[in-house]
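A quick write-up on the structure given underneath.
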Amino acid sequence: MAILRATQGSARHPRIERLADFASRWAFMTPASVILLAMLAYPIIYTIEISFSELDLSTFTATNWVGWDNYAEVLQDERFWASLKVTGIYLGLALPLQMVLGFAIAYLVNVEWTGRGVIRALFLIPMVVAPVVAGGVWRMLLDPLYGLTNYALGFVGLGPYDWLGNPTLAMMTIVIIDTWRWTPFIVLIATAAILALPRDIFEAAEIDGANWWTTLWSITLPLLLPMIAATFVVRWLGAVKMFDIALASTNGGPGASTQVINLFIYEEAFHSLKFAESAAMAVLVLIATMVLTALFLRGSRMLEEMH
Amino acid sequence: MQQNRRGLGPLSRRTVLIAGASVIATRAFGAPDAKGLGTAEQPVKLRMIADAAYANAWQAGMVPEFNKTYPYINVTIDPVPYAELLAKIMLDATAVEPVYDIIVADDPWVPQIAQTGALLDLRKETAAWTAKDYDWDDFNAAPLAATEWKGIQYGVPFRSNMLLMFVNKTLYKKAGLPVPTAALTWDEYLAQAPKLVQDTNGDGTVDAWAIDTYFKRDQLTPTIWQAIFNSYGGQLIDANNKPAFNDEIGVKALKIHVELLKYAPPGSVSHGYSEALSSFRQGQAATSFMWGSVYRNSAVDPKTTKLTPEEVGIQVMPVGSAHAGAHRGIASGTIQSKSAHKEAAWALLQWFSSREGERWHSNTLGGFPARKSTLTSKPDSDWLVPVFAALQQGYDTAEAGKMWRLRHPKSDAVQQVLADAVAAAISGQATPEAALQTASTRVEKILK
């Protein structure tokens with residue numbers, strides 16, 4: 001009997017303990033969850049709500065439910081597709097360039113040489129410069145009349161180029177400014193990744209007589225591939241949101257040659273006050289970004305498994 | 001514990017908490033804000049939102065001057081860059097508790113803001129506080145009309161701007177051309193333009209151009225096209241509220257705007273307000289179609305310009321088949337209808353737009369007046385004499401040709417469409433005909 005009671009008592013205890021454990025976990029998690037919901041989920045839900053409604057500007061609230069009307073209007077707007085195309089061109093040029101440059105610089109900076117620390121510190125500067133300031137400074141550097149860039153190119157017989165006035169060069173300008181800003185970020189991650197590579201494999205390769213190129217191609221790159229893929233996803237998520245550089249340097253021009261999708265959404269919302277259509281565009285871009293990010297993550301996982 | 005509760009009598013714990021919090025809040029944040037025009041003990045605190053281009057100068061100069069008459073009204077002016085100003089105004093105007101008592105709105109924005117119910121009907125709601133000598137009829141019709149919408153006056157002109165033609169007389173003389181007068185036509189201007197692209201120091205390199213103005217993709221760039229368009233008798237919309245700019249006149253005006261680029265400095269396709277001003281002030285552009293209010297810093301102040309008042313002319317833009325060219329751009333003071341300090345806000349609006357305020361503004365900061373009496377008076381500085389004459393000419397021209405941006409709650413959306421169209425034509429991404437056709441379709445949809 002005494003044994004039975006003891007068994008019953010011990011059976012009750014774990015349940016109470018589990019409940020207490022559950023309660024205490026949620027007691028810690030609730031404030032963070034509430035803040036997360038308020039700061040993240042609410043704006044997204046509100047944006048989705050607006051995208052299916054008319055927005056009353058006098059109260060700034062969604063009023064009439066209009067179904068898919070806003071989405072239909074956006075999808076019929078050739079400017080939306082044009083700005084998506086511009087965004088695709090920018091991403092297609094900027095991301096590979098930044099990845100290649102970032103890892104290449106990290107590889108070179110990783111070699112022991114005097115002043116390496118100073119160079120690493122200097123690399124951080126573009127990242128902390130405000131985008132508006134960066135845009136303004138680059139505008140001055142690229143000015144066809146007074147800019148340092150054309151002046152310097154003149155010494156080797158090139159130019160002068162109208163960096164901000166020519167539609168093709170204006171896109172190149174955006175890519176250059178963005179690359180100047182964000183390559184250091186990739187360099188930082190890549191440096192950490194290279195430093196974390198196991199030394200013994202390289203020592204073994206050296207003993208086996210592998211040259212510089214073989215070491216890079218057959219050992220370093222395969223080992224770095226998962227990190228390259230992860231860095232690409234992180235940078236992709238940052239780049240897809242870019243609009244500040246375009247706003248500050250070209251304002252989407254000349255014509256609409258540098259009007260990336262986020263700049264277009266911003267202008268439609270805050271200049272044309274078409275908040276509902278802008279919300280629909282934002283939701284479409286969010287979905288497209290999520291789908292592509294999922295694909296990239298899957299690719300990244302496959303690379304990890306392969307190597 | 002029970003005794004304590006009984007001791008509070010009929011007051012609930014909640015009431016006591018609220019009262020306690022109020023006392024703490026009052027002590028923490030100072031005395032409650034005063035009503036009326038304030039007193040030494042309880043001054044009124046006014047918040048104003050304005051374009052950063054002039055807000056700082058107003059805070060530093062205008063507010064202390066205003067406080068000589070109204071010492072108990074503390075004014076804080078928040079400067080906001082023009083590109084973000086309307087969005088910020090709209091967000092604040094639609095808030096439950098708006099921050100700003102006074103909104104300085106640009107010319108085409110009033111219908112949009114007024115539609116939200118955020119603006120006070122000035123003639124009706126402030127009548128009891130209006131000075132007897134405050135003369136509404138003394139304002140020129142064009143600047144006052146900037147804040148009139150559906151028969152209600154929502155504001156008064158603070159900084160009355162007009163798009164005018166700035167002339168570098170020295171460059172005209174160097175090119176062997178007569179200094180332009182207000183009778184100059186677009187044909188004459190364009191015929192002279194090639195000669196104004198010149199090498200002024202004989203080093204074999206072109207260092208001066210005929211024009212610099214708005215060419216880049218910007219909401220203010222279509223104002224140049226529109227001024228040309230209006231000078232040929234064109235109007236943006238017809239009596240049925242439908243776009244009327246996609247016609248021969250509209251295309252001709254856009255072709256002229258595009259042609260101007262041939263005679264502008266390299267890279268001008270990305271030039272707007274700052275770049276065009278810079279070229280003109282450096283003595284590199286013989287003309288600039290620019291807002292008149294920049295005259296002081298373009299011709300008078302040696303810290304900001306290489307030019308002098310003697311070599312800078314100011315006049316209306318060239319003449320088309322109907323009028324000279326001009327374009328209205330009035331920054332007006334309006335009062336937030338939910339403001340708790342309407343009387344104090346009106347005191348500031350009234351003082352700044354009065355004869356006294358206008359004179360102080362133009363003589364001290366170079367601000368442009370809207371009153372006929374101010375424009376016919378003798379200003380303190382000699383350089384203001386030709387400026388006042390050009391401004392009056394501009395008001396008359398704008399009034400005659402209805403030269404202003406669309407007055408409609410969706411004017412900003414329309415302006416964005418026009419900006420896209422003009423930018424597409426200027427950058428060569430579309431022909432003027434195609435650009436205006438696209439714009440017309442989109443504007444019609446917006447105005448439906």
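Scheme for the structure tokens: letters A, B, ... for chains in order shown; per-chain residue numbers from 1; ligand numbers from 1 in order shown.
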
Selection: 12 Å around A:Asp77, only C-alpha atoms, excl. self and same-chain fewer than 5 positions, as a PDB file with N, CA and C atoms, in the first residue's frame:
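Printed below is result25.pdb as written:
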```
ATOM      1  N   ASN A  70      -6.646  45.408 -56.274  1.00  0.00           N
ATOM      2  CA  ASN A  70      -5.339  46.084 -56.192  1.00  0.00           C
ATOM      3  C   ASN A  70      -4.255  45.243 -56.861  1.00  0.00           C
ATOM      4  N   TYR A  71      -4.356  43.933 -56.670  1.00  0.00           N
ATOM      5  CA  TYR A  71      -3.366  43.034 -57.275  1.00  0.00           C
ATOM      6  C   TYR A  71      -3.511  43.039 -58.795  1.00  0.00           C
ATOM      7  N   ALA A  72      -4.764  43.031 -59.257  1.00  0.00           N
ATOM      8  CA  ALA A  72      -4.997  43.040 -60.707  1.00  0.00           C
ATOM      9  C   ALA A  72      -4.424  44.322 -61.314  1.00  0.00           C
ATOM     10  N   ALA A  82       8.438  46.658 -65.309  1.00  0.00           N
ATOM     11  CA  ALA A  82       9.697  47.311 -65.705  1.00  0.00           C
ATOM     12  C   ALA A  82      10.623  47.454 -64.497  1.00  0.00           C
ATOM     13  N   SER A  83      10.054  47.821 -63.354  1.00  0.00           N
ATOM     14  CA  SER A  83      10.907  48.006 -62.173  1.00  0.00           C
ATOM     15  C   SER A  83      11.404  46.654 -61.650  1.00  0.00           C
ATOM     16  N   LEU A  84      10.607  45.595 -61.831  1.00  0.00           N
ATOM     17  CA  LEU A  84      11.084  44.257 -61.459  1.00  0.00           C
ATOM     18  C   LEU A  84      12.263  43.855 -62.345  1.00  0.00           C
ATOM     19  N   PHE A 264      10.112  52.165 -56.613  1.00  0.00           N
ATOM     20  CA  PHE A 264       8.807  52.324 -57.248  1.00  0.00           C
ATOM     21  C   PHE A 264       7.690  52.224 -56.201  1.00  0.00           C
ATOM     22  N   GLU A 268       5.129  55.239 -55.267  1.00  0.00           N
ATOM     23  CA  GLU A 268       3.687  55.045 -55.414  1.00  0.00           C
ATOM     24  C   GLU A 268       2.979  55.280 -54.070  1.00  0.00           C
ATOM     25  N   GLU A 277      -2.377  49.950 -53.460  1.00  0.00           N
ATOM     26  CA  GLU A 277      -1.670  49.304 -54.570  1.00  0.00           C
ATOM     27  C   GLU A 277      -0.224  49.012 -54.167  1.00  0.00           C
ATOM     28  N   SER A 278       0.369  49.947 -53.416  1.00  0.00           N
ATOM     29  CA  SER A 278       1.750  49.749 -52.967  1.00  0.00           C
ATOM     30  C   SER A 278       1.831  48.552 -52.028  1.00  0.00           C
ATOM     31  N   MET A 281       1.811  45.506 -54.063  1.00  0.00           N
ATOM     32  CA  MET A 281       3.135  45.276 -54.662  1.00  0.00           C
ATOM     33  C   MET A 281       4.094  44.713 -53.616  1.00  0.00           C
TER      34      MET A 281
ATOM     35  N   THR B 438       1.260  57.860 -73.022  1.00  0.00           N
ATOM     36  CA  THR B 438       1.237  57.005 -71.835  1.00  0.00           C
ATOM     37  C   THR B 438       0.772  57.808 -70.621  1.00  0.00           C
ATOM     38  N   THR B 441      -3.017  58.538 -70.627  1.00  0.00           N
ATOM     39  CA  THR B 441      -3.830  57.372 -70.242  1.00  0.00           C
ATOM     40  C   THR B 441      -3.807  57.191 -68.727  1.00  0.00           C
ATOM     41  N   ARG B 442      -2.626  57.322 -68.172  1.00  0.00           N
ATOM     42  CA  ARG B 442      -2.501  57.103 -66.724  1.00  0.00           C
ATOM     43  C   ARG B 442      -3.167  58.206 -65.915  1.00  0.00           C
ATOM     44  N   LYS B 445      -6.885  57.759 -65.823  1.00  0.00           N
ATOM     45  CA  LYS B 445      -7.240  56.702 -64.877  1.00  0.00           C
ATOM     46  C   LYS B 445      -7.206  57.237 -63.425  1.00  0.00           C
TER      47      LYS B 445
END
```

Residue list for chain B near chain A as a ChimeraX atom specification, 6 Å, only C-alpha atoms: /B:87,94,116,217,267,269-270,412-413,423-424,427

DSSP-assigned strand (DSSP E) members of stretch 177-359 of chain B, reported as a ChimeraX atom specification: /B:209-211,285-291,312-315,327-335

Stretch 8-186 of chain B: residues DSSP assigns to helix (DSSP H, G or I), reported as a PDB file with C-alpha atoms, in the first residue's frame:
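Now in selection-v3.pdb:
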```pdb
ATOM      1  CA  ARG B  13      -7.864  53.082  -6.662  1.00  0.00           C
ATOM      2  CA  ARG B  14      -7.847  53.745 -10.426  1.00  0.00           C
ATOM      3  CA  THR B  15      -8.787  57.409  -9.911  1.00  0.00           C
ATOM      4  CA  VAL B  16      -6.028  57.844  -7.395  1.00  0.00           C
ATOM      5  CA  LEU B  17      -3.540  56.212  -9.750  1.00  0.00           C
ATOM      6  CA  ILE B  18      -4.568  58.451 -12.658  1.00  0.00           C
ATOM      7  CA  ALA B  19      -4.431  61.542 -10.465  1.00  0.00           C
ATOM      8  CA  GLY B  20      -1.019  60.526  -9.161  1.00  0.00           C
ATOM      9  CA  ALA B  21       0.268  59.861 -12.660  1.00  0.00           C
ATOM     10  CA  SER B  22      -1.036  63.268 -13.782  1.00  0.00           C
ATOM     11  CA  VAL B  23       0.795  65.015 -10.953  1.00  0.00           C
ATOM     12  CA  ILE B  24       4.004  63.166 -11.788  1.00  0.00           C
ATOM     13  CA  ALA B  25       3.601  63.891 -15.500  1.00  0.00           C
ATOM     14  CA  THR B  26       2.954  67.575 -14.835  1.00  0.00           C
ATOM     15  CA  ARG B  27       5.994  67.835 -12.612  1.00  0.00           C
ATOM     16  CA  ALA B  28       8.124  65.856 -15.018  1.00  0.00           C
ATOM     17  CA  PHE B  29       7.204  67.684 -18.193  1.00  0.00           C
ATOM     18  CA  ALA B  52      14.308  72.228 -44.942  1.00  0.00           C
ATOM     19  CA  ALA B  53      15.370  74.654 -47.697  1.00  0.00           C
ATOM     20  CA  TYR B  54      14.160  77.585 -45.609  1.00  0.00           C
ATOM     21  CA  ALA B  55      12.958  76.180 -42.262  1.00  0.00           C
ATOM     22  CA  ASN B  56      16.289  76.687 -40.517  1.00  0.00           C
ATOM     23  CA  ALA B  57      16.525  80.318 -41.636  1.00  0.00           C
ATOM     24  CA  TRP B  58      13.005  80.908 -40.329  1.00  0.00           C
ATOM     25  CA  GLN B  59      13.814  79.292 -37.002  1.00  0.00           C
ATOM     26  CA  ALA B  60      16.952  81.413 -36.626  1.00  0.00           C
ATOM     27  CA  GLY B  61      15.572  84.687 -37.994  1.00  0.00           C
ATOM     28  CA  MET B  62      11.809  84.780 -38.280  1.00  0.00           C
ATOM     29  CA  VAL B  63      10.929  83.273 -34.899  1.00  0.00           C
ATOM     30  CA  PRO B  64      12.961  85.796 -32.833  1.00  0.00           C
ATOM     31  CA  GLU B  65      11.438  88.631 -34.881  1.00  0.00           C
ATOM     32  CA  PHE B  66       7.930  87.260 -34.331  1.00  0.00           C
ATOM     33  CA  ASN B  67       8.651  86.932 -30.605  1.00  0.00           C
ATOM     34  CA  LYS B  68       9.281  90.684 -30.407  1.00  0.00           C
ATOM     35  CA  THR B  69       5.525  91.075 -30.922  1.00  0.00           C
ATOM     36  CA  TYR B  82      11.161  68.607 -49.838  1.00  0.00           C
ATOM     37  CA  ALA B  83      11.045  65.069 -51.227  1.00  0.00           C
ATOM     38  CA  GLU B  84       9.756  63.677 -47.930  1.00  0.00           C
ATOM     39  CA  LEU B  85       7.689  66.676 -46.850  1.00  0.00           C
ATOM     40  CA  LEU B  86       4.279  65.749 -48.256  1.00  0.00           C
ATOM     41  CA  ALA B  87       4.458  62.179 -46.964  1.00  0.00           C
ATOM     42  CA  LYS B  88       5.356  63.407 -43.484  1.00  0.00           C
ATOM     43  CA  ILE B  89       2.637  66.060 -43.574  1.00  0.00           C
ATOM     44  CA  MET B  90       0.042  63.489 -44.617  1.00  0.00           C
ATOM     45  CA  LEU B  91       1.061  61.001 -41.962  1.00  0.00           C
ATOM     46  CA  ASP B  92       0.881  63.670 -39.265  1.00  0.00           C
ATOM     47  CA  ALA B  93      -2.295  65.245 -40.620  1.00  0.00           C
ATOM     48  CA  ASP B 107       1.302  74.894 -53.988  1.00  0.00           C
ATOM     49  CA  PRO B 108      -0.423  71.721 -55.259  1.00  0.00           C
ATOM     50  CA  TRP B 109      -0.768  69.954 -51.912  1.00  0.00           C
ATOM     51  CA  VAL B 110      -3.633  71.842 -50.304  1.00  0.00           C
ATOM     52  CA  PRO B 111      -6.531  69.906 -51.921  1.00  0.00           C
ATOM     53  CA  GLN B 112      -4.911  66.653 -50.859  1.00  0.00           C
ATOM     54  CA  ILE B 113      -4.378  67.719 -47.244  1.00  0.00           C
ATOM     55  CA  ALA B 114      -7.703  69.553 -47.029  1.00  0.00           C
ATOM     56  CA  GLN B 115      -9.532  66.437 -48.188  1.00  0.00           C
ATOM     57  CA  LEU B 122      -9.067  80.451 -42.095  1.00  0.00           C
ATOM     58  CA  ARG B 123     -11.567  83.151 -43.064  1.00  0.00           C
ATOM     59  CA  LYS B 124     -14.340  81.552 -41.012  1.00  0.00           C
ATOM     60  CA  GLU B 125     -12.580  80.091 -37.987  1.00  0.00           C
ATOM     61  CA  ALA B 127     -12.320  85.878 -37.982  1.00  0.00           C
ATOM     62  CA  ALA B 128     -12.550  86.774 -34.283  1.00  0.00           C
ATOM     63  CA  TRP B 129      -8.747  86.917 -33.968  1.00  0.00           C
ATOM     64  CA  TRP B 136      -6.967  90.008 -47.612  1.00  0.00           C
ATOM     65  CA  ASP B 137      -7.617  91.982 -50.815  1.00  0.00           C
ATOM     66  CA  ASP B 138      -4.053  93.257 -50.887  1.00  0.00           C
ATOM     67  CA  ALA B 141      -4.757  86.680 -56.682  1.00  0.00           C
ATOM     68  CA  ALA B 142      -2.321  84.002 -57.897  1.00  0.00           C
ATOM     69  CA  PRO B 143      -0.448  83.353 -54.632  1.00  0.00           C
ATOM     70  CA  LEU B 144      -3.565  83.548 -52.461  1.00  0.00           C
ATOM     71  CA  ALA B 145      -5.360  81.082 -54.729  1.00  0.00           C
ATOM     72  CA  LYS B 169      24.264  89.089 -68.706  1.00  0.00           C
ATOM     73  CA  THR B 170      28.052  88.697 -68.901  1.00  0.00           C
ATOM     74  CA  LEU B 171      27.778  85.446 -70.867  1.00  0.00           C
ATOM     75  CA  TYR B 172      25.256  87.013 -73.250  1.00  0.00           C
ATOM     76  CA  LYS B 173      27.631  89.918 -73.863  1.00  0.00           C
ATOM     77  CA  LYS B 174      30.590  87.541 -74.395  1.00  0.00           C
ATOM     78  CA  TRP B 186      11.029  80.634 -77.407  1.00  0.00           C
TER      79      TRP B 186
END
```

Just want the 12 Å neighbourhood of A:Ile105, counted on only C-alpha atoms, with same-chain residues fewer than 5 positions away dropped. Output as an mmCIF file with N, CA and C atoms, in the first residue's frame.
```cif
data_model
loop_
_atom_site.group_PDB
_atom_site.id
_atom_site.type_symbol
_atom_site.label_atom_id
_atom_site.label_comp_id
_atom_site.auth_asym_id
_atom_site.auth_seq_id
_atom_site.Cartn_x
_atom_site.Cartn_y
_atom_site.Cartn_z
ATOM 1 N N LEU A 97 29.153 40.037 -58.549
ATOM 2 C CA LEU A 97 30.339 40.888 -58.435
ATOM 3 C C LEU A 97 30.793 41.000 -56.979
ATOM 4 N N GLN A 98 29.837 41.253 -56.096
ATOM 5 C CA GLN A 98 30.172 41.420 -54.677
ATOM 6 C C GLN A 98 30.682 40.111 -54.070
ATOM 7 N N MET A 99 30.087 38.998 -54.467
ATOM 8 C CA MET A 99 30.521 37.711 -53.924
ATOM 9 C C MET A 99 31.956 37.397 -54.356
ATOM 10 N N VAL A 100 32.215 37.549 -55.662
ATOM 11 C CA VAL A 100 33.552 37.243 -56.182
ATOM 12 C C VAL A 100 34.584 38.175 -55.548
ATOM 13 N N ASN A 110 43.924 37.583 -46.235
ATOM 14 C CA ASN A 110 44.222 36.549 -45.252
ATOM 15 C C ASN A 110 45.709 36.190 -45.207
ATOM 16 N N VAL A 111 46.401 36.518 -46.291
ATOM 17 C CA VAL A 111 47.850 36.254 -46.324
ATOM 18 C C VAL A 111 48.524 37.179 -45.311
ATOM 19 N N ARG A 116 47.899 44.538 -42.403
ATOM 20 C CA ARG A 116 46.667 43.826 -42.731
ATOM 21 C C ARG A 116 45.500 44.272 -41.836
ATOM 22 N N ILE A 119 44.078 47.639 -42.930
ATOM 23 C CA ILE A 119 43.250 47.498 -44.135
ATOM 24 C C ILE A 119 41.885 46.911 -43.778
ATOM 25 N N ARG A 120 41.878 45.919 -42.890
ATOM 26 C CA ARG A 120 40.609 45.306 -42.472
ATOM 27 C C ARG A 120 39.704 46.344 -41.816
ATOM 28 N N PHE A 123 38.201 48.732 -44.293
ATOM 29 C CA PHE A 123 37.145 48.101 -45.069
ATOM 30 C C PHE A 123 35.760 48.332 -44.464
ATOM 31 N N THR A 183 30.631 45.076 -50.347
ATOM 32 C CA THR A 183 31.696 44.078 -50.473
ATOM 33 C C THR A 183 32.430 43.876 -49.137
ATOM 34 N N PRO A 184 32.720 44.942 -48.376
ATOM 35 C CA PRO A 184 33.394 44.753 -47.080
ATOM 36 C C PRO A 184 32.649 43.793 -46.153
ATOM 37 N N PHE A 185 31.335 43.810 -46.231
ATOM 38 C CA PHE A 185 30.531 42.900 -45.399
ATOM 39 C C PHE A 185 30.858 41.450 -45.759
ATOM 40 N N ILE A 186 30.944 41.190 -47.069
ATOM 41 C CA ILE A 186 31.264 39.828 -47.512
ATOM 42 C C ILE A 186 32.711 39.491 -47.152
ATOM 43 N N VAL A 187 33.584 40.503 -47.270
ATOM 44 C CA VAL A 187 34.993 40.271 -46.908
ATOM 45 C C VAL A 187 35.088 39.825 -45.450
ATOM 46 N N LEU A 188 34.333 40.482 -44.576
ATOM 47 C CA LEU A 188 34.368 40.141 -43.144
ATOM 48 C C LEU A 188 33.940 38.696 -42.909
ATOM 49 N N ILE A 189 32.814 38.320 -43.509
ATOM 50 C CA ILE A 189 32.313 36.947 -43.324
ATOM 51 C C ILE A 189 33.297 35.949 -43.935
ATOM 52 N N ALA A 190 33.782 36.282 -45.126
ATOM 53 C CA ALA A 190 34.681 35.362 -45.825
ATOM 54 C C ALA A 190 35.991 35.196 -45.057
ATOM 55 N N THR A 191 36.482 36.276 -44.484
ATOM 56 C CA THR A 191 37.722 36.193 -43.705
ATOM 57 C C THR A 191 37.535 35.225 -42.540
ATOM 58 N N ILE A 194 37.437 31.687 -43.870
ATOM 59 C CA ILE A 194 38.753 31.179 -44.311
ATOM 60 C C ILE A 194 39.616 30.830 -43.089
#
```

Distance query A:Met227 at most 10 Å, only C-alpha atoms, self and fewer than 6 positions along chain excluded, as a ChimeraX atom specification: /A:189-190,192-194,221,233,300,303-304
